[in-house]
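Structure file upload-v5.txt; described as compact mmCIF, C-alpha atoms.
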```
# COMPACT_ATOMS: atom_id res chain seq x y z
CA MET H 1 0.00 0.00 0.00
CA THR H 2 1.29 3.46 -0.90
CA ILE H 3 0.31 6.13 1.57
CA GLY H 4 0.44 9.82 0.73
CA ILE H 5 0.92 12.21 3.63
CA ILE H 6 -0.93 15.47 2.97
CA GLY H 7 0.68 17.71 5.54
CA SER H 8 3.90 16.32 7.03
CA GLY H 9 4.02 18.11 10.37
CA ASN H 10 3.91 16.48 13.80
CA VAL H 11 1.02 14.12 13.10
CA GLY H 12 1.73 13.41 9.45
CA GLY H 13 5.45 13.07 10.02
CA THR H 14 4.94 10.68 12.91
CA LEU H 15 2.40 8.44 11.23
CA GLY H 16 4.21 8.40 7.89
CA SER H 17 7.47 7.43 9.57
CA ARG H 18 5.87 4.61 11.49
CA TRP H 19 4.09 3.24 8.43
CA ALA H 20 7.34 3.42 6.46
CA HIS H 21 9.16 1.50 9.18
CA LEU H 22 6.42 -1.11 8.94
CA GLY H 23 7.17 -1.52 5.25
CA HIS H 24 4.58 0.68 3.55
CA GLU H 25 5.54 2.95 0.67
CA VAL H 26 5.12 6.48 2.07
CA VAL H 27 5.20 9.74 0.13
CA PHE H 28 5.58 12.75 2.40
CA GLY H 29 3.76 15.60 0.71
CA SER H 30 4.60 19.16 1.67
CA ARG H 31 4.27 22.66 0.32
CA LYS H 32 8.04 22.88 0.79
CA ALA H 33 8.91 19.45 -0.53
CA ALA H 34 12.53 20.28 -1.24
CA GLY H 35 13.28 21.53 2.29
CA SER H 36 16.06 19.92 4.29
CA GLY H 37 13.68 19.09 7.15
CA MET H 38 11.52 17.05 4.81
CA GLN H 39 14.51 15.24 3.35
CA LYS H 40 15.71 14.40 6.85
CA LEU H 41 12.26 13.11 7.81
CA ALA H 42 12.13 10.84 4.77
CA ALA H 43 15.71 9.63 5.23
CA GLU H 44 15.01 8.66 8.85
CA ALA H 45 11.78 6.93 7.81
CA GLY H 46 13.81 4.54 5.66
CA PRO H 47 14.07 3.28 2.10
CA THR H 48 10.31 3.06 1.46
CA ALA H 49 9.78 6.76 2.18
CA ARG H 50 10.29 9.73 -0.10
CA VAL H 51 9.36 13.40 -0.42
CA ALA H 52 7.17 15.01 -3.05
CA SER H 53 4.86 17.93 -3.61
CA LEU H 54 1.36 17.65 -2.19
CA SER H 55 -0.17 16.93 -5.59
CA GLU H 56 2.49 14.34 -6.40
CA ALA H 57 1.92 12.64 -3.06
CA ALA H 58 -1.80 12.53 -3.74
CA ALA H 59 -1.34 11.16 -7.24
CA ALA H 60 1.14 8.48 -6.17
CA ALA H 61 -0.91 7.03 -3.34
CA ASP H 62 -4.14 5.06 -3.00
CA THR H 63 -4.53 6.09 0.62
CA LEU H 64 -4.02 9.66 1.80
CA LEU H 65 -3.56 11.01 5.30
CA LEU H 66 -4.90 14.55 5.69
CA SER H 67 -2.94 16.18 8.50
CA THR H 68 -2.67 19.86 7.65
CA PRO H 69 -3.58 22.70 9.97
CA TRP H 70 -7.29 23.46 9.74
CA ALA H 71 -6.67 26.86 8.15
CA ALA H 72 -4.88 25.18 5.23
CA ALA H 73 -7.22 22.24 4.78
CA LYS H 74 -9.73 23.57 2.26
CA SER H 75 -7.26 25.02 -0.22
CA THR H 76 -4.98 22.01 0.15
CA VAL H 77 -7.69 19.42 -0.46
CA GLU H 78 -9.24 21.31 -3.34
CA GLY H 79 -5.79 21.67 -4.87
CA LEU H 80 -5.31 17.90 -4.98
CA GLY H 81 -7.76 17.53 -7.84
CA ASP H 82 -9.77 14.39 -8.52
CA LEU H 83 -9.43 11.82 -5.74
CA THR H 84 -11.84 9.24 -7.12
CA GLY H 85 -11.29 5.84 -5.56
CA LYS H 86 -8.76 7.03 -3.02
CA VAL H 87 -9.22 6.56 0.70
CA LEU H 88 -8.65 9.82 2.54
CA ILE H 89 -7.94 9.53 6.25
CA ASP H 90 -8.93 12.81 7.87
CA ALA H 91 -6.79 13.26 10.98
CA LEU H 92 -7.14 17.00 11.44
CA ASN H 93 -9.08 18.91 14.04
CA PRO H 94 -10.72 22.25 13.33
CA LEU H 95 -9.06 23.87 16.33
CA LEU H 96 -9.33 27.55 17.05
CA PRO H 97 -5.85 29.11 17.13
CA ASP H 98 -5.84 29.31 20.95
CA LEU H 99 -7.09 25.68 21.31
CA SER H 100 -10.11 27.00 23.22
CA GLY H 101 -12.60 25.26 21.00
CA LEU H 102 -13.51 24.03 17.55
CA ALA H 103 -14.12 26.26 14.56
CA VAL H 104 -16.85 23.89 13.34
CA GLY H 105 -19.80 22.54 15.26
CA THR H 106 -19.97 22.90 19.01
CA THR H 107 -21.34 26.29 19.91
CA SER H 108 -23.23 25.63 23.14
CA SER H 109 -24.18 22.88 25.57
CA ALA H 110 -27.02 21.81 27.76
CA ALA H 111 -24.94 22.63 30.82
CA GLU H 112 -24.50 26.23 29.79
CA GLN H 113 -28.22 26.54 29.16
CA VAL H 114 -29.00 24.92 32.51
CA ALA H 115 -26.71 27.43 34.21
CA GLY H 116 -28.81 30.18 32.68
CA TRP H 117 -32.03 28.69 34.01
CA ALA H 118 -30.83 27.65 37.50
CA ARG H 119 -30.82 31.00 39.27
CA GLY H 120 -28.08 31.19 41.85
CA ALA H 121 -26.87 27.64 41.49
CA ARG H 122 -23.26 26.62 40.91
CA VAL H 123 -23.52 24.12 38.05
CA VAL H 124 -21.15 21.20 37.62
CA LYS H 125 -21.47 18.84 34.65
CA ALA H 126 -20.97 15.18 35.56
CA PHE H 127 -22.46 11.69 35.24
CA ASN H 128 -23.39 12.10 31.60
CA THR H 129 -20.69 10.13 29.81
CA VAL H 130 -21.65 6.50 30.52
CA GLY H 131 -24.94 4.66 30.93
CA TYR H 132 -26.67 4.30 34.27
CA ASN H 133 -25.78 0.61 34.34
CA ILE H 134 -22.13 1.63 34.65
CA MET H 135 -22.98 4.14 37.38
CA ALA H 136 -24.80 1.35 39.24
CA ASN H 137 -21.72 -0.85 39.03
CA PRO H 138 -18.51 0.69 37.71
CA VAL H 139 -16.37 -2.36 38.42
CA PHE H 140 -14.18 -3.59 35.54
CA ARG H 141 -12.02 -6.12 37.33
CA SER H 142 -9.39 -3.96 39.03
CA GLU H 143 -9.63 -1.07 36.58
CA LEU H 144 -11.26 2.24 37.50
CA PRO H 145 -13.38 3.83 34.76
CA VAL H 146 -13.11 7.56 34.38
CA MET H 147 -15.90 10.06 35.09
CA PHE H 148 -15.34 13.56 33.79
CA TYR H 149 -16.74 16.68 35.38
CA CYS H 150 -16.51 20.37 34.58
CA GLY H 151 -17.73 23.66 35.95
CA ASP H 152 -16.87 27.29 36.58
CA ASN H 153 -16.93 27.19 40.39
CA ASP H 154 -13.99 25.46 42.01
CA ALA H 155 -15.65 25.01 45.40
CA ALA H 156 -18.62 23.33 43.76
CA LYS H 157 -16.32 21.03 41.84
CA GLN H 158 -14.56 20.10 45.07
CA GLU H 159 -17.94 19.09 46.50
CA VAL H 160 -18.85 16.97 43.50
CA LYS H 161 -15.51 15.22 43.11
CA PRO H 162 -15.92 12.91 46.17
CA LEU H 163 -19.48 12.10 45.09
CA ILE H 164 -17.95 10.70 41.92
CA GLU H 165 -15.04 8.96 43.59
CA GLU H 166 -17.04 7.22 46.28
CA LEU H 167 -19.09 5.49 43.58
CA GLY H 168 -15.95 3.90 42.19
CA PHE H 169 -14.87 6.20 39.38
CA GLU H 170 -11.67 8.09 38.78
CA ALA H 171 -12.90 11.71 38.81
CA ILE H 172 -11.19 13.86 36.20
CA ASP H 173 -11.67 17.63 36.06
CA ALA H 174 -12.20 18.55 32.42
CA GLY H 175 -12.13 22.30 33.02
CA PRO H 176 -14.75 25.07 32.87
CA LEU H 177 -18.45 24.55 32.27
CA ALA H 178 -18.11 25.20 28.55
CA GLN H 179 -16.25 21.88 28.41
CA ALA H 180 -19.74 20.38 28.49
CA ARG H 181 -19.52 21.06 24.75
CA VAL H 182 -16.99 18.25 24.79
CA LEU H 183 -18.53 15.99 27.43
CA GLU H 184 -22.02 15.97 25.95
CA PRO H 185 -20.79 14.69 22.57
CA PHE H 186 -18.82 12.09 24.54
CA ALA H 187 -22.16 10.70 25.64
CA LEU H 188 -23.13 10.18 22.02
CA LEU H 189 -19.94 8.21 21.55
CA TRP H 190 -20.85 5.89 24.42
CA ILE H 191 -24.41 5.53 23.15
CA SER H 192 -23.38 4.77 19.59
CA LEU H 193 -20.78 2.22 20.66
CA ALA H 194 -23.25 0.55 23.02
CA TYR H 195 -26.28 0.42 20.76
CA THR H 196 -25.31 1.00 17.12
CA GLN H 197 -21.79 -0.39 16.90
CA GLY H 198 -22.59 -3.57 18.77
CA LEU H 199 -20.27 -3.26 21.75
CA GLY H 200 -23.15 -3.40 24.20
CA ARG H 201 -23.82 -1.42 27.35
CA GLU H 202 -21.11 -2.93 29.56
CA ILE H 203 -18.38 -0.54 28.45
CA GLY H 204 -16.48 2.33 29.99
CA PHE H 205 -13.26 4.24 29.51
CA LYS H 206 -10.07 4.27 31.50
CA LEU H 207 -7.55 7.08 31.50
CA LEU H 208 -4.11 5.70 30.66
CA ARG H 209 -1.04 7.50 32.01
CA ARG H 210 2.67 6.87 31.89
CA MET B 1 -24.73 16.08 52.84
CA THR B 2 -28.33 16.10 51.62
CA ILE B 3 -28.68 15.38 47.93
CA GLY B 4 -31.83 16.24 46.01
CA ILE B 5 -32.53 14.15 42.90
CA ILE B 6 -34.27 16.26 40.27
CA GLY B 7 -35.61 13.57 37.99
CA SER B 8 -35.55 10.08 39.51
CA GLY B 9 -35.43 7.90 36.40
CA ASN B 10 -32.64 5.50 35.44
CA VAL B 11 -29.76 7.85 36.14
CA GLY B 12 -31.24 9.74 39.08
CA GLY B 13 -32.66 6.59 40.65
CA THR B 14 -29.34 4.78 40.33
CA LEU B 15 -27.14 7.56 41.68
CA GLY B 16 -29.53 8.49 44.47
CA SER B 17 -29.75 4.88 45.63
CA ARG B 18 -26.00 4.45 45.66
CA TRP B 19 -25.44 7.69 47.57
CA ALA B 20 -28.12 6.69 50.08
CA HIS B 21 -26.45 3.33 50.60
CA LEU B 22 -23.22 5.22 51.25
CA GLY B 23 -24.96 7.15 54.04
CA HIS B 24 -26.00 10.40 52.39
CA GLU B 25 -29.44 11.87 52.96
CA VAL B 26 -31.18 11.58 49.59
CA VAL B 27 -34.47 13.16 48.56
CA PHE B 28 -35.86 11.64 45.38
CA GLY B 29 -37.76 14.39 43.62
CA SER B 30 -40.36 13.48 41.04
CA ARG B 31 -43.37 14.97 39.32
CA LYS B 32 -45.24 11.92 40.58
CA ALA B 33 -43.77 11.86 44.07
CA ALA B 34 -46.54 9.78 45.58
CA GLY B 35 -46.31 6.96 43.02
CA SER B 36 -45.63 3.44 44.21
CA GLY B 37 -42.55 3.13 42.00
CA MET B 38 -40.99 6.10 43.77
CA GLN B 39 -41.85 4.74 47.21
CA LYS B 40 -40.28 1.41 46.26
CA LEU B 41 -37.14 3.15 45.00
CA ALA B 42 -36.76 5.08 48.25
CA ALA B 43 -37.50 2.03 50.41
CA GLU B 44 -34.83 0.01 48.64
CA ALA B 45 -32.38 2.87 48.95
CA GLY B 46 -32.62 2.62 52.72
CA PRO B 47 -33.41 4.74 55.76
CA THR B 48 -31.60 7.87 54.60
CA ALA B 49 -33.73 8.14 51.45
CA ARG B 50 -37.18 9.62 51.00
CA VAL B 51 -39.54 10.86 48.31
CA ALA B 52 -40.77 14.40 47.76
CA SER B 53 -41.97 16.74 45.09
CA LEU B 54 -39.35 18.30 42.86
CA SER B 55 -39.54 21.64 44.63
CA GLU B 56 -39.37 20.02 48.07
CA ALA B 57 -36.35 18.00 47.00
CA ALA B 58 -34.65 21.16 45.78
CA ALA B 59 -35.45 23.06 48.96
CA ALA B 60 -34.29 20.27 51.27
CA ALA B 61 -30.91 19.71 49.66
CA ASP B 62 -27.66 21.62 49.33
CA THR B 63 -26.59 19.54 46.34
CA LEU B 64 -28.93 18.74 43.46
CA LEU B 65 -28.60 16.17 40.72
CA LEU B 66 -30.34 17.23 37.50
CA SER B 67 -31.27 14.05 35.65
CA THR B 68 -34.49 14.80 33.79
CA PRO B 69 -35.05 14.17 30.10
CA TRP B 70 -33.81 17.10 28.03
CA ALA B 71 -37.34 18.05 26.98
CA ALA B 72 -38.32 18.57 30.62
CA ALA B 73 -35.17 20.28 31.81
CA LYS B 74 -35.98 23.95 31.25
CA SER B 75 -39.41 23.98 32.83
CA THR B 76 -38.23 21.77 35.68
CA VAL B 77 -35.21 23.90 36.56
CA GLU B 78 -37.08 27.17 36.26
CA GLY B 79 -39.82 25.73 38.45
CA LEU B 80 -37.34 25.07 41.27
CA GLY B 81 -37.09 28.78 42.10
CA ASP B 82 -34.06 30.39 43.69
CA LEU B 83 -31.12 28.00 43.97
CA THR B 84 -28.61 30.43 45.43
CA GLY B 85 -25.70 28.64 47.05
CA LYS B 86 -26.73 25.20 45.91
CA VAL B 87 -24.50 22.96 43.86
CA LEU B 88 -26.35 21.63 40.83
CA ILE B 89 -24.85 18.57 39.17
CA ASP B 90 -26.02 18.52 35.58
CA ALA B 91 -26.06 14.88 34.43
CA LEU B 92 -28.40 15.20 31.47
CA ASN B 93 -27.63 15.03 27.81
CA PRO B 94 -29.55 17.05 25.22
CA LEU B 95 -30.23 13.96 23.12
CA LEU B 96 -32.46 14.01 20.10
CA PRO B 97 -35.36 11.59 20.57
CA ASP B 98 -33.81 9.00 18.21
CA LEU B 99 -30.36 9.31 19.87
CA SER B 100 -28.90 10.35 16.52
CA GLY B 101 -27.36 13.51 17.86
CA LEU B 102 -27.52 16.39 20.30
CA ALA B 103 -30.19 19.07 20.27
CA VAL B 104 -27.60 21.66 21.33
CA GLY B 105 -24.23 22.35 19.81
CA THR B 106 -22.74 20.00 17.27
CA THR B 107 -24.09 20.73 13.82
CA SER B 108 -21.16 19.87 11.56
CA SER B 109 -17.57 18.65 11.58
CA ALA B 110 -14.33 19.15 9.75
CA ALA B 111 -14.63 15.63 8.33
CA GLU B 112 -17.95 16.37 6.69
CA GLN B 113 -16.54 19.54 5.19
CA VAL B 114 -13.44 17.70 3.98
CA ALA B 115 -15.69 15.11 2.31
CA GLY B 116 -17.32 17.96 0.41
CA TRP B 117 -13.95 19.27 -0.79
CA ALA B 118 -12.24 15.95 -1.59
CA ARG B 119 -13.86 15.06 -4.91
CA GLY B 120 -14.27 11.34 -5.31
CA ALA B 121 -12.47 10.35 -2.14
CA ARG B 122 -13.85 8.00 0.49
CA VAL B 123 -13.20 9.88 3.74
CA VAL B 124 -12.47 8.14 7.04
CA LYS B 125 -11.92 10.15 10.21
CA ALA B 126 -9.11 8.80 12.39
CA PHE B 127 -5.94 9.76 14.25
CA ASN B 128 -7.41 12.94 15.70
CA THR B 129 -8.16 11.99 19.30
CA VAL B 130 -4.71 11.85 20.91
CA GLY B 131 -1.48 13.79 20.46
CA TYR B 132 1.16 12.78 17.97
CA ASN B 133 3.44 11.69 20.80
CA ILE B 134 0.94 8.92 21.57
CA MET B 135 0.79 7.95 17.90
CA ALA B 136 4.61 7.76 17.89
CA ASN B 137 4.53 5.41 20.87
CA PRO B 138 1.14 4.11 22.04
CA VAL B 139 2.61 1.76 24.64
CA PHE B 140 1.08 1.98 28.13
CA ARG B 141 2.61 -1.09 29.76
CA SER B 142 0.43 -3.93 28.49
CA GLU B 143 -2.66 -1.78 27.85
CA LEU B 144 -3.81 -0.88 24.35
CA PRO B 145 -5.11 2.66 23.94
CA VAL B 146 -8.14 3.11 21.75
CA MET B 147 -8.21 4.90 18.41
CA PHE B 148 -11.63 5.72 17.04
CA TYR B 149 -12.45 5.99 13.37
CA CYS B 150 -15.63 6.72 11.45
CA GLY B 151 -16.79 7.00 7.87
CA ASP B 152 -19.60 6.31 5.43
CA ASN B 153 -17.78 3.77 3.23
CA ASP B 154 -17.30 0.36 4.78
CA ALA B 155 -14.59 -0.76 2.37
CA ALA B 156 -12.57 2.37 3.12
CA LYS B 157 -12.94 1.75 6.84
CA GLN B 158 -11.71 -1.81 6.36
CA GLU B 159 -8.59 -0.41 4.69
CA VAL B 160 -7.92 2.07 7.47
CA LYS B 161 -8.54 -0.27 10.40
CA PRO B 162 -5.28 -2.27 9.99
CA LEU B 163 -3.34 0.98 9.57
CA ILE B 164 -4.53 1.86 13.05
CA GLU B 165 -4.01 -1.57 14.56
CA GLU B 166 -0.49 -2.10 13.27
CA LEU B 167 0.60 1.06 15.10
CA GLY B 168 -0.49 -0.45 18.40
CA PHE B 169 -3.98 0.88 18.98
CA GLU B 170 -7.29 -0.86 19.48
CA ALA B 171 -9.27 0.36 16.46
CA ILE B 172 -12.90 1.08 17.29
CA ASP B 173 -15.47 1.90 14.61
CA ALA B 174 -17.51 4.85 15.88
CA GLY B 175 -20.02 4.76 13.00
CA PRO B 176 -20.75 7.06 10.05
CA LEU B 177 -18.73 10.11 9.09
CA ALA B 178 -21.06 12.44 10.98
CA GLN B 179 -19.65 10.84 14.14
CA ALA B 180 -16.73 13.18 13.56
CA ARG B 181 -19.01 15.64 15.37
CA VAL B 182 -18.25 13.48 18.40
CA LEU B 183 -14.61 12.59 17.69
CA GLU B 184 -13.48 16.14 17.01
CA PRO B 185 -14.69 17.40 20.40
CA PHE B 186 -12.93 14.37 21.90
CA ALA B 187 -9.69 15.92 20.68
CA LEU B 188 -10.45 19.03 22.72
CA LEU B 189 -10.87 16.83 25.77
CA TRP B 190 -7.41 15.31 25.25
CA ILE B 191 -5.88 18.74 24.62
CA SER B 192 -7.47 20.32 27.68
CA LEU B 193 -6.46 17.45 29.95
CA ALA B 194 -2.91 17.49 28.60
CA TYR B 195 -2.27 21.21 28.64
CA THR B 196 -4.82 23.03 30.81
CA GLN B 197 -5.71 20.48 33.45
CA GLY B 198 -2.15 19.48 34.14
CA LEU B 199 -2.22 15.78 33.25
CA GLY B 200 0.47 16.21 30.62
CA ARG B 201 0.78 14.78 27.15
CA GLU B 202 1.48 11.15 28.09
CA ILE B 203 -2.17 10.15 28.34
CA GLY B 204 -4.56 8.01 26.36
CA PHE B 205 -7.84 6.17 26.79
CA LYS B 206 -8.60 2.49 27.03
CA LEU B 207 -11.95 0.95 26.26
CA LEU B 208 -13.09 -1.14 29.23
CA ARG B 209 -15.40 -4.11 28.59
CA ARG B 210 -16.91 -6.81 30.75
```
Produce C-alpha cells that represent the structure in this file.
Amino acid sequence: MTIGIIGSGNVGGTLGSRWAHLGHEVVFGSRKAAGSGMQKLAAEAGPTARVASLSEAAAAADTLLLSTPWAAAKSTVEGLGDLTGKVLIDALNPLLPDLSGLAVGTTSSAAEQVAGWARGARVVKAFNTVGYNIMANPVFRSELPVMFYCGDNDAAKQEVKPLIEELGFEAIDAGPLAQARVLEPFALLWISLAYTQGLGREIGFKLLRR
Amino acid sequence: MTIGIIGSGNVGGTLGSRWAHLGHEVVFGSRKAAGSGMQKLAAEAGPTARVASLSEAAAAADTLLLSTPWAAAKSTVEGLGDLTGKVLIDALNPLLPDLSGLAVGTTSSAAEQVAGWARGARVVKAFNTVGYNIMANPVFRSELPVMFYCGDNDAAKQEVKPLIEELGFEAIDAGPLAQARVLEPFALLWISLAYTQGLGREIGFKLLRR
C-alpha cells in the first residue's frame, strides 16, 4: 500500500514514519517538498519513504492522510484535484488558534443553558458520559473507569468530586463549564458504541497514564 | 450532605440509591412523588432516602442532581425557584429523541466539510483523538489505547482499520462520518487534559469491557 501524507508536520510526520518503518511505501507531501527538514524526515523513515509535492503525493498514493492545519485544509484538499477511488484519512481537528474550541460545530451545551435557568446555582457537569448501568456498578475487574466533570466554580467542583469517587470512578476535572460542549458529545460516543456499533452497554473508559 | 434528585429515572434513581447506601441523605424528587414506584425506589435505597416533590427535594438539599429528560429540563429547573448557594450537578444530555445527535451544539464537523472538498475520495476520520506523541509510541505497559475511526464507506474503513491496529492501537469503529461531530470534540478533551488540566501529554484512553 502506498500512503500519501498530505501535511507532514507532527502528526503526518509521525504516522508516515511509522508506516514506512512497517514496510509501507510512504510519500511525504509538503508545500516545501525540497526543504532539508523534509529530506531528513524521509531519510530517517527509511528506504520506502520519499518526499514530493502535495499533488504528487496525492497522485502516487491510493490512501491519503490529511494532517494539515485546519486553516490550510480547504485550499490544500481542493488543490489535490480528482481523488476518485482514493481513501482519505482525515486526521485533522478544526481547532481555534488558541485551542479553546472548535471552529466547526460545538457552539453551546445543555450545561450552559441549565446554568442560565438555574438562578443562583453553581452548576457542575458530571455523570453524563456512561450509561446508568455503569454508574450502578462501575467495576471492571481492578480497573477504574473515568468520570469527567466540569464547571466554573472550584468550590462546587470540590464538593462533586468525592461524590464521583465514592461510587468507584476516577474523577477527572475537564475544566470550565463550557467543556460540556466536549462531554455531551462524549455521551453520544458511548451511546453509539453501546447500541449502534454492537459493543453493548457494559463498556467504559479508563484514562491511561505513563 | 443532603442530595436532592431532580428527575428520579434510570440515572437519578441509580445515583440516588447508591449515595443513600453510602450514608448520604437523599431526597428523590419526582413529578409523581406519591407513586408506588418512587416509594419502592426510596424504600430500597434505605433509611436515609425519601420521596418528595421536585420543589421540596430542591429546597431540602444543598446539592442537586439534574437528571431529567432534556425536553423537561428547562421547565423543571425554572420551576425550582431560587437555587442560590446550591450545587447543581447537571447529568443530562440534550439527546435528540432517536439518539442520533444532540439538540444543542454539534451541527457539523471538519470531516464532513473535507468530504465535500475531496472530490471522489472515500473519507475516514481517524488519528485525531490523541497527540502525535501517543501515535509515535502508544505503549502503556500492556494496555492498548483506543483509536476511534468513522466513515460512510465500509470498504474504506476496512482499509484504514489495519493501519490503526499495526501502530499499536485498538481500532474502534464509531459509525458514520457524521460521528466526527463526536470525535473532534474528543480531541479538545485530550488537549485540555494534557495542557490546561495538568495531566500532561502522556495520556490516552482504554476501552473497558466486561
Need the neighbours of (-26.6, 16.5, 49.4): which residues are at most 9 Å away, counting all atoms listed in the file, as a short mmCIF file (atom, residue, chain, number, x, y, z; two decimals) with C-alpha atoms, keeping the file's coordinate frame?
```
data_model
loop_
_atom_site.label_atom_id
_atom_site.label_comp_id
_atom_site.auth_asym_id
_atom_site.auth_seq_id
_atom_site.Cartn_x
_atom_site.Cartn_y
_atom_site.Cartn_z
CA MET B 1 -24.73 16.08 52.84
CA THR B 2 -28.33 16.10 51.62
CA ILE B 3 -28.68 15.38 47.93
CA GLY B 4 -31.83 16.24 46.01
CA HIS B 24 -26.00 10.40 52.39
CA GLU B 25 -29.44 11.87 52.96
CA VAL B 26 -31.18 11.58 49.59
CA VAL B 27 -34.47 13.16 48.56
CA ALA B 60 -34.29 20.27 51.27
CA ALA B 61 -30.91 19.71 49.66
CA ASP B 62 -27.66 21.62 49.33
CA THR B 63 -26.59 19.54 46.34
CA LEU B 64 -28.93 18.74 43.46
CA LEU B 65 -28.60 16.17 40.72
CA VAL B 87 -24.50 22.96 43.86
#
```
I need every residue sitting at most 10 Å from the point (-18.8, 24.3, 38.4) (coordinates as in the file, all atoms listed in the file considered), written as a VMD selection string. (chain H and resid 111 115 121 to 126 149 to 160 175 to 178) or (chain B and resid 87 to 90)
Could you pull the residues within 6 Å of region 72-83 of chain H, counting all atoms listed in the file, minus those fewer than 3 positions along the same chain, as an mmCIF file with C-alpha atoms, keeping the file's coordinate frame?
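In the end it all went to out.cif:
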```
data_model
loop_
_atom_site.group_PDB
_atom_site.id
_atom_site.type_symbol
_atom_site.label_atom_id
_atom_site.label_comp_id
_atom_site.auth_asym_id
_atom_site.auth_seq_id
_atom_site.Cartn_x
_atom_site.Cartn_y
_atom_site.Cartn_z
ATOM 1 C CA SER H 55 -0.170 16.930 -5.590
ATOM 2 C CA THR H 68 -2.670 19.860 7.650
ATOM 3 C CA PRO H 69 -3.580 22.700 9.970
ATOM 4 C CA LYS H 86 -8.760 7.030 -3.020
ATOM 5 C CA TRP B 117 -13.950 19.270 -0.790
ATOM 6 C CA ALA B 118 -12.240 15.950 -1.590
ATOM 7 C CA ARG B 119 -13.860 15.060 -4.910
ATOM 8 C CA GLY B 120 -14.270 11.340 -5.310
ATOM 9 C CA ALA B 121 -12.470 10.350 -2.140
#
```
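Put simply, CA of Leu167 (chain H) is 12.1 Å away from CA of Gly23 (chain B).
Taking CA of Phe148 (chain H) as the reference point, CA of Ile172 (chain H) is found at 4.8 Å.
Proximity of H:Ala91, H:Ala45, H:Val146, H:Val130 to Gly204 (chain B), computed with all atoms listed in the file, is greatest for H:Val146.
Comparing B:Gly46, B:Pro94, B:Pro145, B:Pro138 by their smallest distance to Pro185 (chain H), the closest is B:Pro94 (using all atoms listed in the file).
For the atom pair formed by CA of Leu41 (chain B) and CA of Phe127 (chain H), the distance is 19.6 Å, given to one decimal.
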Residues near region 193-197 of chain H, cut-off 8 Å, only C-alpha atoms, skip fewer than 5 positions along chain, as a ChimeraX atom specification: /H:202-203 /B:173-175
So, with only C-alpha atoms as the atoms that count, which of H:Gly13, H:Pro97, H:Gly35, H:Gly85 lies closest to chain B? H:Gly85
